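Single-structure report; data block below.
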Amino acid sequence: MTELPKAYEPTVVEEKWQERWLREGCFHADPHSAKPAYSIVIPPPNVTGVLHMGHVLNNTIQDILARRARQEGKEVLWLPGTDHAGIATQARVEKELAKENPPRTRFDVGREAFVDMVWQWKNKHGGIIIKQLKKLGCSCDWERERFTMDEVYAPEVARVFTELFKEGLIYRGRRMVNWDPVLLTALSDEEVIMTPTHSKLYTIRYKLADGSGQLLVSTTRPETIMADVAVAVNPKDPRYGHLVGKKVLRPLCTAEIPVIADEHVEIGFGTGALKITPAHDRTDFEVGMKNGLEIIDILTPDGHINCPGCPELHGLDRFVARDKSIELIEAAGLLEKVEDYDNNVGISQRSDVPIEPRLSMQWFLKYPCVQEAAEAVAKGDIVFRPARWAKTYAHWLEGIQDWCISRQLWWGHRIPVWYRKEKAEALQAATTLTEADELAGDIYVGVTPPADPENWVQDEDALDTWFSSWIWPFSTMDAECLAKFYPTSDLVTGPDIIFFWVARMIMAGYRFAGGKPFSNVFFTSIVRDLKGRKMSKSLGNSPDPLDLIARYGADGLRFGLMRIAPTGTDVKFDEKQIEEGKNFANKLYNAARFRMMQGEAGSDPAPRFAPVHLDILDKLRQLHDSVTEALGKYEFNTYTQALYSFFWNEYCSLFLEAVKNDLREGGDPALRNATLLTMDTVLRHYLALLAPIMPHICEELWQSLGFAARNGGQPLMSTPLPAADTLLGGVDETRISQARVLSAALYETANRARNLKAEYNLSTNKNVRFVLKPALPFDADTAARLALLAGAKEAVAEADYQAPKGTPTALTPFGELFLPLEGLVDVEAERNRIGKQLEKIDKEIAKSQAKLGNAKFVDHAPAAVVEQERARLADWQSKKTQLESMLAALV
RNA sequence: GCAGGGAUAGCUCAGUGGUAGAGCGGCUGUCUUACACACAGUUGGUCGGGGGUUCAAAUCCCUCUCCCUGUACCA
């Protein structure tokens, strides 16, 4: 009777609902609402980004939380946006320039024109990811979309900078920073990845200037020898004490340099003598400062040697120069030995090349509100899930270093500092700048440019992207929104940005927004491939979520992923799981289709409910509670699994199969009504529970099943979640628990019956009949259901049934169940089968007897456990007797 | 080095003291009137190794091995 297709086709349905939700403003947050607030700010993806599996996981979770909160009657703000991603975006446009003929660099284009180009690129290609998030079904308030460089947000970044500068927390100084020789910018410590590397350790002879001997010095970086200004030994080292104060000859760009004593040198390491190169090593820089040593910089910003005093190396790339310098040293007879050596090298997260410690003028931030930020998490004001991340967070805060916030980039927030033109050069070279300079009228720091811009020169640098995103939770909101929605409720993000972003947002929240930015932080797992590797473009192991959506539907993708996303550990992505999500959507669709094929439920005659009806409603009630509990604990996989197993196993496999006969033509109309009403109740309630994770199909079925029409045409998404106790309202609890027992007995008996059939290769035979010696009330209705479930012609109760010898039997909750064979069994096969079973049973009996023969077990274990064991033994023994008699009957 | 996480069926994972589970895969059947994206049945495990506590351990304790993730580094 139905014209509905047999298989669910998600694509059209999903697009339809996404449009409709938007059109009806379902995602819009009203700051004037009287409802309690629930809010999330999205971790803004890079504007250059495309959706990857991490985003899918992350945003599905946020969407579940947001949709569920709406169902619970909250006013929900899920605030979306994108991040300008300084380096990534700039690099993207530079790449385009490099492809031109002839290739160009940003310097060829010039700053202003280049920034224009990036904006154009952003307007044209940026924000693809926003469209993709919409395809995933994300219920963000898209009218409030922000961009970290838009006209509302950018001034906030400058304001924050200005305030911190005036407070003295932002300062400028000449410091050792992590320098990226490819991108030509400073990086923060967090952007440097310490990577285990196979290197060489070179031991080199530094001759004493007076010719009285030599000092052996080990280094991994011989190309920096020209910048050596001393050799240091530990003052307590008995081998070298007499050398301190003498001079040695620097082996390259030869010069006399002093031997100094410094605690920093470890006596046991290498030769115990350390070359000091303050310009190219962090700790050497400190040693140099302490000892008042000169700083000789022999590297260009792009990592080439700059040392005219050593013409053989001058101009070479740093790694070429490394080999060449060793050749020179060996030729001079100064190379003692070369060993393999494993050490950690700092690699730029962005350009993937070794960074250089480099002395340069940069802006730094002394973090504000560190104490408050640490306490907020320690005291549980902000709750981290899983909790163990709190430790990582605390550890980072303890050893926190000032943040290098300036970047030598053009794309980003330009540092809002201007220098008075005539003094600009001197000021830009000055090692420190403070508010005093501002008061003196030499510099200007502010959100808007100075009133007389022609007299000023703006600082060239831009701010680290994270310096704009750390104020995301509040700078994205206007005053009304802040009043209603700040602090936000949940933050959902990956643990990989706990320092970059989460920690900094907490500090910013306390400093600028008067309190914590969020109450809960849920750290998602990291999505890996089946080999456990991180998904990355270069490995090509990252599936394209849009392709997955096209093949499995957004709902299928969401469901499949959430079902395998554990709460504590990483998730290994397996496309099979997504396929299951799709299969589940199809199952749901077909169950609804089945209902639609039955027509309306009537009220006449009054429905007659059987135990199975009450039972499924009771199970749904339990599902409601466990779903609520799981979501309360942010256990999304438990939530998903509970929904899956209820629907597939309890509703479809058991309940629907048990009631199919109620729906047939000519059946009892009172039973038919009961069944239709129950199906409606289950579907209506279940769709509401499932909607947060599979919103599209639920909405579609909600409508096609007619639930929307009965609800004033309201979409499911703006319908409050019904209470669990509406499901069985008014039904006596004793009757329910009775129904529970009887239904469990029915399903269990059906299962035993099917197993009996299978044992005798009668699985597909529908003509078998079962005879039951009932131990529980076994009415005709139950008998009919049992026959239906077991695929039998009939199931009859006979209290004094005399089974022919050898009739297969099983003990069921309803009593002893027989499968009369009518002599259609292969004797030889039967004998073998029974023989094997007896072997197994004997083992079990022996095991059980041993346990019960153990006095300690009987004395110490709880009575129930012992009782259980006795029953088990009795079961096995009776089974054994049966089999033996069957064996005898075969002969 | 330090810190954290993990090791359970061929695969992905549940399972915090009381007969080892699910889904997928494999194998057998079945187009049984919602669903072959399905149904029925079935096959898979010394729960990483060793030791301990206990009547009883995948589960608690100790130890070892291997993987992962942070983090700190000495040339």
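Residues are referred to by chain and number: the chain letter is A, B, ... according to the order shown in the structure tokens, the number counts from 1 in that chain, and ligands are numbered separately from 1 in the order shown.
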Near-B:U8 list (8 Å; only C-alpha atoms (C1' of nucleotides); drop same-chain fewer than 4 positions) as a list in words: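 The residues that qualify are G45, C47 and A58 of chain B.
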Tell me as a compact mmCIF listing (two decimals) with C-alpha atoms, in the first residue's frame which residues belonging to chain A come within 6 Å of chain B, counting only C-alpha atoms (C1' of nucleotides).
```txt
# COMPACT_ATOMS: atom_id res chain seq x y z
CA THR A 219 79.06 20.21 19.55
CA LEU A 274 81.20 23.65 26.31
CA ASN A 583 22.35 1.25 8.31
CA LYS A 587 16.48 0.68 10.10
CA ASN A 590 11.89 1.30 7.78
CA ALA A 591 10.45 0.92 11.24
CA ARG A 593 7.59 3.13 7.25
CA PHE A 594 6.15 -0.02 8.75
CA LYS A 856 35.85 -21.84 51.62
CA PHE A 857 33.70 -20.87 48.68
CA HIS A 860 32.67 -17.02 52.26
```
Every residue of stretch 116-340 of chain A that DSSP places in alpha helix (DSSP H), as a ChimeraX atom specification: /A:116-125,128-136,153-166,282-290,318-331
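Taking atom CA of A:Thr89 and atom CA of A:Thr48 as the two end points, the separation is 6.0 Å.
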